[in-house]
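Engineer: The structure is given below, and queries will be raised subsequently.
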Protein chains: 2
Amino acid sequence: MAAKPAWAQRLAGVRGLLLDVSGVLYDSGDGGGTAIPGSAEAVARIKRSGLKLRFCTNESQKSRSKFVGLLQRLGFDISVNEVTSPAPAACKILKERGLRPHLLVHDDVRSEFDGMDTSNPNCVVIADSGDDFSYQNVNKAFQVLIKLENPVLISLGKGRYYKEGDGLVLDVGPYMKALEYACDIQAEVVGKPAPEFFQAALKEMGLEAHEVSGT
Amino acid sequence: MAAKPAWAQRLAGVRGLLLDVSGVLYDSGDGGGTAIPGSAEAVARIKRSGLKLRFCTNESQKSRSKFVGLLQRLGFDISVNEVTSPAPAACKILKERGLRPHLLVHDDVRSEFDGMDTSNPNCVVIADSGDDFSYQNVNKAFQVLIKLENPVLISLGKGRYYKEGDGLVLDVGPYMKALEYACDIQAEVVGKPAPEFFQAALKEMGLEAHEVSGT
């Protein structure tokens, strides 16, 4: 009997896959971005193979519905309920701990926080805000934090930068670090690489860690 | 013989004073800011006393001439050649090391860098830029750094925040930290608390460290 190829050995016992999106399936950019060649077909093949599939992204500049709409237009077979992203995970934490967020987020992701009490904020949620990372907006978030007795900063991911069009642009991480330094605090990161975030994705797939491989 | 009062004992052997400015002599704010009550008279008394006096500031949002003009209008007896500030110290370093800066600085301090070669930059100089800390401007500085083989980031001070009018606003430090994290580098801080900065001020006074007291 011929030995199984290396990739097949690696996939022995694997029943599901976690796929990253930005930089793996597509690159963001003007007009929404571009699919990485072959990636839409790869997603289709994984789905045909019978493996469970979940998209696990730190995308925090768009709501899941906007993000999924964009990926569908780029040719991907993907739906909102297949996506694990930080904003819903953050909402869960906010509710559990009675936190009222000041949102330093892009307008396109604001709808994920509909229904959250944002009056008299007792924490700051920071996400990849792109052009909305103006001095005025970052200052506002700082001013909320510095007045709190126990400042809580929740960051949707901590990426350094990502590719947009032909160049690299700053992600949420540098701005998280700016607020950490300004207020002498440590942010709580929701999203990759936090173990809780991967565990939530596994739970949504109904699989255990040893049954899942990821990019 | 009566014992000298404590302040007189502390000043024994002192021939000069280094005075901080922002938050000590004045608070910045709309219309230029306001003098802290009694501070202009204190400066006048020090000058009458015969002690040497030097203003040692991390102010990096204005050129020395603009800064001094503002303080004069607020009633202070001060001239440009009595001020040690980070921008001239940074220019000295840039020249010595053949560095061509990309300037992430406020328009009001740009004139301090007149005559520096800013073409094809091989380092970034960051200063308190206020509203000019837009995402676009911070991104541009990041894009210069990330393309360099040996990224050099020179920061004029590393203050967390300062008082402006009734509130606190972000200083250069948080943005320095943002770029440090984005590029996985350490900035070189020019200005307080760097020992070289205080030594430059002492040299300008013609005094040794043990002869000088400061705020």
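Ligands are numbered from 1 in the order shown, chains are lettered A, B, ... in the order of the structure tokens, and residues start at 1 in each chain.
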Using only C-alpha atoms, which residues sit within 12 Å of Lys92 in chain B once same-chain residues fewer than 3 positions away are excluded, as a ChimeraX atom specification?
Structural biologist: /B:86-89,95-100,112-113,115-116,190,197,200
Engineer: Would you list which chain B residues are within 9 Å of chain A using only C-alpha atoms, as a VMD selection string?
Structural biologist: chain B and resid 130 to 136 138 to 140 142 to 143 146 159 to 161 167 to 171 173 to 184
Engineer: B:Val83, B:Glu164, B:Ala201, B:Asn122: which is nearest Tyr26 in chain B, counting only C-alpha atoms?
Structural biologist: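 Under the stated criterion, the closest residue is B:Glu164.
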Engineer: Tell me which of A:Ile36, A:Leu71, A:Ser60, A:Cys123 sits closest to Ser111 in chain A, counting only C-alpha atoms.
Structural biologist: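 Nearest candidate to Ser111 in chain A out of A:Ile36, A:Leu71, A:Ser60, A:Cys123: A:Ser60.
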Engineer: Determine which residues of range 8-215 of chain B DSSP labels as strand (DSSP E or B) from the backbone of this structure, then write them out as an NGL selection string.
Structural biologist: :B and (16-19 or 22 or 26-28 or 34-35 or 52-56 or 83-84 or 101-104 or 123-126 or 153-156 or 161-164 or 167-170 or 188-190 or 212-214)
Engineer: Please return, as a list in words, all residues of range 88-127 of chain B that DSSP assigns to alpha helix (DSSP H) on the basis of the backbone.
Structural biologist: Pro88, Ala89, Ala90, Cys91, Lys92, Ile93, Leu94, Lys95, Glu96 and Arg97 of chain B
Engineer: What is the distance between CA of Gly206 in chain B and CA of Asp20 in chain B, in Å to one decimal?
Structural biologist: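 So the two atoms, CA of Gly206 in chain B and CA of Asp20 in chain B, lie 18.4 Å apart.
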